[in-house]
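Novice: One file is attached below, run39.cif, containing mmCIF, C-alpha atoms and all ligand atoms.
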data_my_file
#
loop_
_atom_site.label_atom_id
_atom_site.label_comp_id
_atom_site.auth_asym_id
_atom_site.auth_seq_id
_atom_site.Cartn_x
_atom_site.Cartn_y
_atom_site.Cartn_z
CA MET A 1 85.44 83.10 130.41
CA ARG A 2 83.32 86.17 129.60
CA ARG A 3 82.01 86.53 126.05
CA LEU A 4 84.02 88.83 123.75
CA GLU A 5 80.84 90.00 122.06
CA ASP A 6 79.54 91.77 125.16
CA GLY A 7 80.41 94.87 127.13
CA ILE A 8 83.08 97.32 126.07
CA LEU A 9 84.70 94.84 123.67
CA ALA A 10 81.57 94.98 121.50
CA CYS A 11 82.48 98.62 120.79
CA ILE A 12 85.72 97.75 118.95
CA GLY A 13 85.52 98.59 115.24
CA ASN A 14 82.89 100.49 113.23
CA THR A 15 84.86 103.70 113.75
CA PRO A 16 83.73 106.89 111.96
CA LEU A 17 84.92 107.81 108.48
CA VAL A 18 84.88 111.59 108.16
CA ARG A 19 85.38 113.81 105.12
CA LEU A 20 88.16 116.38 105.56
CA THR A 21 87.90 119.58 103.58
CA GLY A 22 90.36 121.96 105.24
CA VAL A 23 93.74 120.21 105.17
CA ILE A 24 94.40 120.18 101.48
CA GLU A 25 93.38 122.16 98.46
CA ALA A 26 92.90 119.54 95.77
CA GLY A 27 90.44 118.15 93.26
CA PHE A 28 90.05 114.85 95.08
CA GLN A 29 87.97 113.83 98.08
CA LEU A 30 89.74 113.00 101.30
CA TYR A 31 88.40 110.92 104.20
CA ALA A 32 89.88 109.93 107.55
CA LYS A 33 89.07 106.73 109.43
CA LEU A 34 89.16 107.72 113.09
CA GLU A 35 90.62 104.66 114.75
CA GLY A 36 91.19 106.61 117.95
CA ASP A 37 87.46 106.15 118.55
CA ASN A 38 88.03 102.51 119.47
CA PRO A 39 87.51 102.04 123.22
CA GLY A 40 91.21 101.51 124.00
CA GLY A 41 91.97 104.60 121.93
CA SER A 42 93.62 103.17 118.82
CA LEU A 43 93.56 100.88 115.81
CA LYS A 44 95.41 98.25 117.87
CA ASP A 45 92.19 97.30 119.70
CA ARG A 46 91.26 95.35 116.57
CA PRO A 47 94.27 93.01 116.40
CA ALA A 48 94.38 92.75 120.21
CA LEU A 49 90.80 91.44 120.19
CA GLU A 50 91.27 89.17 117.17
CA ILE A 51 94.44 87.57 118.55
CA ILE A 52 92.84 86.93 121.95
CA ARG A 53 89.67 85.64 120.26
CA GLN A 54 91.64 83.11 118.20
CA GLY A 55 93.74 82.14 121.23
CA ILE A 56 90.57 81.31 123.18
CA LYS A 57 89.02 79.52 120.20
CA ASN A 58 92.00 77.25 119.63
CA GLY A 59 92.39 76.50 123.35
CA ARG A 60 95.70 78.34 123.89
CA ILE A 61 94.11 80.86 126.24
CA ASN A 62 92.08 79.84 129.28
CA GLN A 63 91.18 81.66 132.48
CA ASN A 64 94.64 80.95 133.99
CA THR A 65 96.73 81.93 130.99
CA VAL A 66 99.24 84.77 131.31
CA VAL A 67 99.25 86.97 128.22
CA VAL A 68 102.68 88.42 127.31
CA GLU A 69 103.56 91.05 124.70
CA ALA A 70 106.30 93.50 123.79
CA THR A 71 104.72 96.87 123.09
CA SER A 72 105.45 100.41 124.08
CA GLY A 73 102.05 101.85 123.44
CA ASN A 74 98.75 101.22 121.76
CA MET A 75 98.87 97.43 121.40
CA GLY A 76 99.68 97.19 125.10
CA ILE A 77 96.78 99.43 126.07
CA GLY A 78 94.38 97.48 123.83
CA LEU A 79 95.54 94.16 125.30
CA ALA A 80 95.48 95.54 128.84
CA GLN A 81 91.85 96.55 128.43
CA ILE A 82 90.82 93.18 126.98
CA CYS A 83 92.76 91.24 129.65
CA ARG A 84 91.20 93.40 132.38
CA TYR A 85 87.75 92.63 130.97
CA LEU A 86 88.45 88.89 130.82
CA GLY A 87 90.29 88.81 134.16
CA LEU A 88 93.55 87.59 132.56
CA ARG A 89 97.03 88.44 133.82
CA PHE A 90 98.96 90.52 131.27
CA ILE A 91 102.71 91.17 131.24
CA CYS A 92 103.68 94.06 129.01
CA VAL A 93 107.35 94.48 128.00
CA ILE A 94 108.18 98.14 127.43
CA ASP A 95 111.32 100.26 127.06
CA PRO A 96 112.34 103.69 128.37
CA LYS A 97 110.84 105.35 125.28
CA THR A 98 107.35 104.39 126.48
CA THR A 99 105.72 107.62 127.56
CA LEU A 100 104.78 108.08 131.21
CA SER A 101 101.14 108.54 130.29
CA ASN A 102 101.15 105.18 128.45
CA GLN A 103 102.83 103.54 131.43
CA ARG A 104 100.13 104.97 133.69
CA LEU A 105 97.38 103.76 131.37
CA LEU A 106 98.86 100.26 131.28
CA LYS A 107 99.03 100.23 135.07
CA VAL A 108 95.48 101.42 135.68
CA TYR A 109 94.20 98.66 133.40
CA GLY A 110 96.16 96.25 135.60
CA ALA A 111 99.03 95.29 133.29
CA GLN A 112 102.28 94.12 134.88
CA ILE A 113 105.12 96.14 133.38
CA GLU A 114 108.56 94.77 132.49
CA MET A 115 111.09 97.39 131.42
CA VAL A 116 113.90 96.56 128.97
CA THR A 117 116.69 99.12 129.15
CA LYS A 118 119.41 97.86 126.81
CA PRO A 119 119.17 97.38 123.03
CA ASP A 120 119.55 93.90 121.57
CA THR A 121 123.29 93.21 121.23
CA SER A 122 123.26 91.85 117.68
CA SER A 123 120.87 94.35 116.05
CA GLY A 124 121.43 97.31 118.41
CA ASP A 125 117.66 97.75 118.51
CA LEU A 126 115.41 98.30 121.54
CA LEU A 127 112.38 96.82 119.79
CA GLN A 128 114.30 93.57 119.18
CA ALA A 129 115.36 93.59 122.84
CA ARG A 130 111.70 93.90 123.88
CA ILE A 131 110.66 91.07 121.58
CA ASN A 132 113.47 88.85 122.92
CA ARG A 133 112.42 89.58 126.51
CA ALA A 134 108.73 88.85 125.81
CA ARG A 135 109.69 85.52 124.23
CA GLU A 136 111.90 84.74 127.21
CA ILE A 137 109.18 85.58 129.78
CA ALA A 138 106.60 83.53 127.89
CA GLY A 139 109.09 80.63 127.86
CA THR A 140 109.42 80.65 131.64
CA ILE A 141 105.68 80.63 132.42
CA GLN A 142 104.01 77.31 131.83
CA ASP A 143 100.57 78.59 130.84
CA SER A 144 101.55 81.66 128.85
CA PHE A 145 100.42 83.14 125.55
CA TRP A 146 102.87 85.33 123.63
CA VAL A 147 100.88 87.66 121.37
CA ASN A 148 103.84 88.33 119.02
CA GLN A 149 102.07 91.01 116.98
CA TYR A 150 104.97 91.37 114.51
CA ALA A 151 104.52 87.84 113.21
CA ASN A 152 100.93 86.97 114.17
CA SER A 153 98.73 86.62 111.07
CA TYR A 154 95.62 87.48 113.11
CA ASN A 155 97.09 90.97 113.56
CA ALA A 156 96.71 91.46 109.81
CA GLN A 157 93.43 89.56 109.61
CA ALA A 158 91.81 91.98 112.05
CA HIS A 159 92.43 94.87 109.64
CA GLN A 160 90.56 93.24 106.78
CA ARG A 161 87.50 94.47 108.64
CA THR A 162 88.96 98.01 108.81
CA MET A 163 89.28 97.99 105.03
CA ASN A 164 85.84 96.46 104.65
CA GLU A 165 84.30 99.25 106.74
CA ILE A 166 85.99 101.94 104.61
CA VAL A 167 85.03 100.33 101.29
CA ASP A 168 81.42 99.85 102.42
CA ALA A 169 81.14 103.45 103.68
CA LEU A 170 82.33 104.70 100.26
CA ASP A 171 80.16 102.30 98.24
CA GLY A 172 83.27 100.63 96.86
CA GLN A 173 84.64 103.86 95.39
CA LEU A 174 88.13 104.16 96.84
CA HIS A 175 91.15 104.96 94.68
CA TYR A 176 93.87 105.50 97.29
CA LEU A 177 94.38 104.36 100.86
CA PHE A 178 97.04 106.10 102.97
CA CYS A 179 98.17 104.28 106.10
CA PRO A 180 101.17 104.31 108.41
CA ALA A 181 103.03 101.02 108.95
CA SER A 182 104.87 99.56 111.90
CA SER A 183 104.05 95.89 112.55
CA CYS A 184 102.52 95.96 109.03
CA GLY A 185 99.30 94.45 110.38
CA THR A 186 97.19 97.30 109.00
CA LEU A 187 99.03 97.32 105.69
CA LYS A 188 98.80 93.55 105.17
CA GLY A 189 95.18 93.30 106.33
CA CYS A 190 94.02 96.12 104.05
CA SER A 191 96.07 94.80 101.15
CA ASP A 192 94.76 91.24 101.61
CA TYR A 193 91.19 92.53 101.64
CA LEU A 194 91.66 94.53 98.44
CA ARG A 195 93.30 91.60 96.66
CA LYS A 196 90.61 89.17 97.84
CA HIS A 197 87.86 91.43 96.51
CA GLY A 198 89.65 92.39 93.29
CA LEU A 199 89.62 96.10 94.15
CA PRO A 200 92.09 98.40 92.37
CA THR A 201 92.70 100.74 95.34
CA LYS A 202 96.34 101.79 95.59
CA ILE A 203 97.92 101.69 99.05
CA CYS A 204 100.43 104.41 99.98
CA VAL A 205 102.33 103.87 103.20
CA ALA A 206 103.65 106.61 105.44
CA ASP A 207 107.02 105.40 106.71
CA SER A 208 109.75 107.35 108.46
CA PRO A 209 113.43 107.91 107.71
CA GLY A 210 115.33 105.56 110.03
CA SER A 211 112.75 102.78 109.57
CA VAL A 212 113.98 99.52 108.01
CA ILE A 213 110.59 98.17 106.87
CA PHE A 214 111.03 99.16 103.23
CA GLY A 215 114.78 98.64 103.11
CA GLY A 216 116.02 101.88 104.67
CA LYS A 217 118.93 102.18 107.08
CA ARG A 218 118.12 102.10 110.79
CA GLY A 219 118.22 105.53 112.39
CA GLN A 220 116.76 107.58 115.18
CA ARG A 221 113.00 108.18 115.07
CA LEU A 222 111.16 110.22 117.66
CA ILE A 223 107.50 109.92 116.80
CA PRO A 224 106.06 106.47 117.46
CA GLY A 225 103.51 104.78 115.22
CA HIS A 226 105.01 104.77 111.74
CA GLY A 227 108.21 102.92 110.97
CA ALA A 228 110.07 100.09 112.73
CA GLY A 229 113.68 99.35 113.62
CA VAL A 230 113.21 95.68 112.70
CA ARG A 231 111.45 94.44 109.56
CA PRO A 232 108.29 92.67 110.81
CA ALA A 233 107.65 89.07 109.75
CA LEU A 234 104.25 90.26 108.46
CA TYR A 235 105.95 92.42 105.83
CA ARG A 236 105.77 91.21 102.22
CA GLN A 237 107.15 92.95 99.18
CA GLY A 238 104.38 94.44 97.05
CA LEU A 239 101.86 95.06 99.84
CA ALA A 240 102.17 98.81 99.25
CA HIS A 241 102.10 100.51 95.87
CA ARG A 242 104.01 103.42 97.24
CA CYS A 243 106.01 104.29 100.34
CA VAL A 244 106.37 107.94 101.35
CA GLN A 245 109.00 108.96 103.90
CA ILE A 246 107.72 111.39 106.50
CA THR A 247 110.17 113.00 108.89
CA ASP A 248 109.38 113.63 112.57
CA MET A 249 109.06 117.31 111.78
CA GLU A 250 106.62 116.67 108.94
CA ALA A 251 104.53 114.43 111.20
CA VAL A 252 104.34 117.25 113.75
CA ILE A 253 103.33 119.69 111.02
CA GLY A 254 100.68 117.22 109.82
CA CYS A 255 99.20 116.87 113.31
CA ARG A 256 99.09 120.60 113.83
CA LEU A 257 97.52 121.14 110.43
CA ILE A 258 94.78 118.63 111.20
CA LEU A 259 94.15 120.37 114.51
CA ALA A 260 94.21 123.85 112.99
CA LYS A 261 92.03 123.08 109.98
CA GLU A 262 89.75 120.24 111.12
CA ALA A 263 89.63 120.75 114.91
CA LEU A 264 90.72 117.14 115.14
CA LEU A 265 93.34 116.11 117.71
CA VAL A 266 95.21 113.07 116.40
CA GLY A 267 98.52 111.30 116.95
CA GLY A 268 101.79 111.48 115.03
CA SER A 269 101.19 108.70 112.54
CA SER A 270 97.91 110.38 111.50
CA GLY A 271 99.88 113.55 110.83
CA ALA A 272 102.27 111.41 108.80
CA ALA A 273 99.40 109.93 106.77
CA LEU A 274 98.17 113.41 105.90
CA MET A 275 101.65 114.57 104.92
CA ALA A 276 101.98 111.53 102.64
CA VAL A 277 98.80 112.64 100.86
CA ARG A 278 100.13 116.18 100.54
CA LYS A 279 103.47 114.96 99.18
CA ILE A 280 101.94 112.99 96.32
CA ALA A 281 98.83 115.14 95.83
CA ASP A 282 99.98 116.20 92.34
CA GLU A 283 99.83 112.58 91.19
CA ILE A 284 96.25 111.99 92.36
CA PRO A 285 93.72 112.55 89.57
CA PRO A 286 90.88 115.03 90.10
CA GLY A 287 87.70 113.31 91.19
CA ALA A 288 89.56 110.48 92.94
CA THR A 289 88.55 109.34 96.41
CA CYS A 290 91.28 108.92 99.04
CA ALA A 291 91.03 107.61 102.57
CA MET A 292 93.57 107.86 105.37
CA ILE A 293 93.77 105.71 108.45
CA PHE A 294 94.20 107.91 111.54
CA PRO A 295 95.47 105.35 114.10
CA ASP A 296 94.97 107.19 117.38
CA ARG A 297 93.98 110.39 119.14
CA GLY A 298 96.22 113.28 120.09
CA GLU A 299 95.69 113.27 123.85
CA ARG A 300 98.55 110.79 124.26
CA TYR A 301 100.90 113.32 122.61
CA LEU A 302 100.09 116.51 124.51
CA ASP A 303 103.56 116.44 126.11
CA THR A 304 105.35 115.79 122.81
CA ILE A 305 103.84 116.66 119.43
CA PHE A 306 101.54 119.32 120.88
CA SER A 307 104.12 120.79 123.25
CA ASP A 308 106.03 123.68 121.70
CA GLU A 309 108.87 123.18 124.18
CA TRP A 310 109.23 119.53 123.28
CA VAL A 311 109.14 120.27 119.56
CA LYS A 312 111.76 123.00 119.93
CA GLU A 313 114.05 120.74 121.97
CA ASN A 314 113.60 117.45 120.18
CA VAL A 315 112.55 117.93 116.57
CA ARG A 316 115.08 119.54 114.34
CA CYS A 317 112.80 122.17 112.87
CA SER A 318 113.84 125.15 110.87
CA PRO A 319 112.11 128.52 111.14
CA ALA A 320 111.03 128.03 107.54
CA ASP A 321 108.76 125.20 108.63
CA PHE A 322 107.12 126.80 111.62
CA ARG A 323 105.99 130.27 112.56
CA HIS A 324 104.77 131.78 115.81
CA ASN A 325 101.12 132.80 116.00
CA ASP A 326 99.77 135.69 118.08
CA ASP A 327 99.89 133.55 121.24
CA SER A 328 103.53 132.67 120.57
CA GLU A 329 102.61 129.07 119.84
CA ILE A 330 104.49 127.26 117.10
CA VAL A 331 102.18 126.48 114.21
CA PRO A 332 103.12 124.97 110.86
CA ARG A 333 103.74 127.51 108.16
CA GLN A 334 101.93 125.26 105.65
CA VAL A 335 98.62 126.18 107.28
CA SER A 336 98.62 129.29 105.15
CA HIS A 337 98.81 127.16 101.97
CA CYS A 338 95.52 125.44 102.68
CA ASN A 339 91.87 126.23 102.18
CA SER A 340 90.57 128.45 104.87
C1 LIG B 1 99.78 105.25 116.53
C2 LIG B 1 100.07 104.12 115.60
N1 LIG B 1 100.12 104.35 114.29
C3 LIG B 1 100.40 103.38 113.42
C4 LIG B 1 100.66 102.09 113.83
C5 LIG B 1 101.01 101.05 112.81
O1 LIG B 1 100.09 100.01 112.70
P1 LIG B 1 100.57 98.56 112.34
O2 LIG B 1 101.27 98.00 113.54
O3 LIG B 1 99.32 97.83 112.02
O4 LIG B 1 101.51 98.64 111.18
C6 LIG B 1 100.63 101.80 115.20
C7 LIG B 1 100.94 100.48 115.71
O5 LIG B 1 101.15 100.26 116.86
C8 LIG B 1 100.32 102.84 116.11
O6 LIG B 1 100.27 102.62 117.44
#
Output the file's structure in the form of structure tokens.

Specialist:
Amino acid sequence: MRRLEDGILACIGNTPLVRLTGVIEAGFQLYAKLEGDNPGGSLKDRPALEIIRQGIKNGRINQNTVVVEATSGNMGIGLAQICRYLGLRFICVIDPKTTLSNQRLLKVYGAQIEMVTKPDTSSGDLLQARINRAREIAGTIQDSFWVNQYANSYNAQAHQRTMNEIVDALDGQLHYLFCPASSCGTLKGCSDYLRKHGLPTKICVADSPGSVIFGGKRGQRLIPGHGAGVRPALYRQGLAHRCVQITDMEAVIGCRLILAKEALLVGGSSGAALMAVRKIADEIPPGATCAMIFPDRGERYLDTIFSDEWVKENVRCSPADFRHNDDSEIVPRQVSHCNS
């Protein structure tokens, strides 16, 4: 088996932390951790690598093992890259909501795709149906390894390093961390790190209406990345100090603000993280330092979040939230409320 410390896998982690000055007018400092700079394009490269590393270490993964996981996006791409590098077969269980560009990425990395089309009968949820199918496939292959990111503690462990990198870059001075949550790996990993090191940083999570993670009622969500239709086993009460609900429309506005004011093209959950900061900005004391985790880049969302047609058709937006600029593109009205 090839070493995980070599080649492209050695580039996972140590992502840039950049100061943002244009997206909010406030007396506190705001940084963004650009997880889209990981080689597979998202924060999920970290847990993908950690889970495979531990699987190899404890003998559950060898050169003939088939890796199986239910994922519609970034975790699948991260795993596909690592499995390609190691020469492992990877079966990725997706659903029709998986974008075509993600399906293409999975395929070029060599993943074998399994599509689930019907929601789980008891919960009515597609995510649960995907998880059930991944478990089933893993059960039928003798030498298989089911990643099970929603319950795998190494998913969370991988993000202790994310938190460590942010804290080190800021010389330990971090008052608030804003992160989106789905499997809760990032949330739990960051929270565990802070607790272990006795740091008082408050964690604010960007969740979405329709997500059940923090006790909400299941509902339709369009933008992937933040929120989940099933509460992950990694979730624990008290991991977050605060949970801020960000609608699909707000996430779109956040993404477009970041693009307009920082020339930074990021995905929907990054937009959600920014909007969470903006929603509670009045509660953040002047002089505080805040960091946001930006999970991925915006290229994967050119046909959705950054497509005016898609936004008009799919996101219930009111004219009060968007305006047309000189090129007739929809831009968030809030842009005019920011520093210029
Ligand atoms: C774009 C994006 N944002 C946020 C998250 C949430 O991260 P976590 O699963 O660690 O809660 C994910 C997870 O897949 C993601 O792909």

Novice: At what distance in Å, to one decimal, does atom CA of A:Asn62 lie from atom CA of A:Ser144?

Specialist: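 It comes out at 9.7 Å.
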
Novice: Could you pull out the residues sitting within 9 Å of ligand LIG 1 (chain B), using only C-alpha atoms and all ligand atoms, and write them as a PyMOL selection string?

Specialist: chain A and resi 36+42-44+47+71-76+149-150+155-156+159+179-189+224-228+267-270+293-297

Novice: If you measure from atom CA of A:Ala10 to atom CA of A:Tyr301, what distance in Å do you get, rounded to one decimal?

Specialist: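 Taking atom CA of A:Ala10 as the start and atom CA of A:Tyr301 as the end point, the length is 26.7 Å.
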
Novice: Could you list, as a ChimeraX atom specification, every residue within 10 Å of A:Asn14, counting all atoms listed in the file and ignoring same-chain residues fewer than 5 positions away?

Specialist: /A:33-35,37-38,161-162,164-166

Novice: Print the selection's residues with C-alpha atoms to a file, as a tab-separated table (two decimals), in the frame of the given file.

Specialist:
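Contents of selection_20.tsv, freshly written:
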chain	number	residue	atom	x	y	z
A	33	LYS	CA	89.07	106.73	109.43
A	34	LEU	CA	89.16	107.72	113.09
A	35	GLU	CA	90.62	104.66	114.75
A	37	ASP	CA	87.46	106.15	118.55
A	38	ASN	CA	88.03	102.51	119.47
A	161	ARG	CA	87.50	94.47	108.64
A	162	THR	CA	88.96	98.01	108.81
A	164	ASN	CA	85.84	96.46	104.65
A	165	GLU	CA	84.30	99.25	106.74
A	166	ILE	CA	85.99	101.94	104.61

Novice: Kindly indicate which residue among A:Ile258, A:Arg135, A:Val205, A:Leu222 lies nearest to A:Leu239, using all atoms listed in the file for the distances.

Specialist: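 Closest to A:Leu239 of all the choices is A:Val205.
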
Novice: To one decimal in Å, tell me the separation between atom CA of A:Cys190 and atom CA of A:Asn102.

Specialist: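 Going from atom CA of A:Cys190 over to atom CA of A:Asn102 covers 27.0 Å.
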
Novice: Between A:Ile77, A:Leu234, A:Ala273, A:Ala158, which is the closest to A:Val252 once you count all atoms listed in the file?

Specialist: A:Ala273

Novice: Using all atoms listed in the file, collect all residues at a distance of at most 12 Å from (102.7, 113.8, 107.5) as written in the file, then present them as number ranges by chain.

Specialist: A: 23, 178-180, 205-208, 223, 225-226, 244-258, 266-280, 292, 294, 332, 334

Novice: Skip A:Leu174 itself and residues of its chain fewer than 5 positions away, then list as a ChimeraX atom specification all residues within 8 Å of it, counting all atoms listed in the file.

Specialist: /A:167,201,288-291

Novice: Given the selection you just returned, output its residues as a file containing C-alpha atoms, formatted as an mmCIF file, in the frame of the given file.

Specialist:
data_model
loop_
_atom_site.group_PDB
_atom_site.id
_atom_site.type_symbol
_atom_site.label_atom_id
_atom_site.label_comp_id
_atom_site.auth_asym_id
_atom_site.auth_seq_id
_atom_site.Cartn_x
_atom_site.Cartn_y
_atom_site.Cartn_z
ATOM 1 C CA VAL A 167 85.030 100.330 101.290
ATOM 2 C CA THR A 201 92.700 100.740 95.340
ATOM 3 C CA ALA A 288 89.560 110.480 92.940
ATOM 4 C CA THR A 289 88.550 109.340 96.410
ATOM 5 C CA CYS A 290 91.280 108.920 99.040
ATOM 6 C CA ALA A 291 91.030 107.610 102.570
#

Novice: I'd like the contact shell of A:Ala138 - 12 Å cut-off, only C-alpha atoms, skipping same-chain residues fewer than 2 positions apart - returned as a list in words.

Specialist: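 Listed by chain and then number, they are Thr65, Val66, Val67, Val68, Glu69, Ala70, Phe90, Ile91, Cys92, Val93, Ile131, Asn132, Arg133, Ala134, Arg135, Glu136, Thr140, Ile141, Gln142, Asp143, Ser144, Phe145, Trp146, Val147 and Asn148 of chain A.
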
Novice: When distances are computed from only C-alpha atoms, which of A:Ala233, A:Leu30, A:Ala151, A:Leu302 shows the smallest separation from A:His175?

Specialist: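 With only C-alpha atoms as the atom set, the closest residue is A:Leu30.
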
Novice: From the options A:Arg300, A:Arg231, A:Lys261, A:Lys312, which residue's atoms come nearest to A:Thr98, counting all atoms listed in the file?

Specialist: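 Among the listed residues, the smallest separation from A:Thr98 belongs to A:Arg300.
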
Novice: Would you please work out which residue, of A:Gly59, A:Gly40, A:Pro96, A:Gly110, is nearest to A:Gly78 when using all atoms listed in the file?

Specialist: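 Selected residue with least distance to A:Gly78: A:Gly40.
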
Novice: Which one of A:Val230, A:Leu177, A:Leu79, A:Ile24 sits closest to A:Arg46 if you count only C-alpha atoms?

Specialist: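 When distances to A:Arg46 are compared using only C-alpha atoms, the smallest one comes from A:Leu79.
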
Novice: In the coordinates of the file, take the point (87.7, 110.8, 107.0) and a cut-off of 6 Å; then, counting only C-alpha atoms, name each qualifying protein, DNA or RNA residue as a list in words.

Specialist: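 Those residues lying close to the given coordinates are Leu17, Val18, Arg19, Leu20, Tyr31, Ala32 and Lys33 of chain A.
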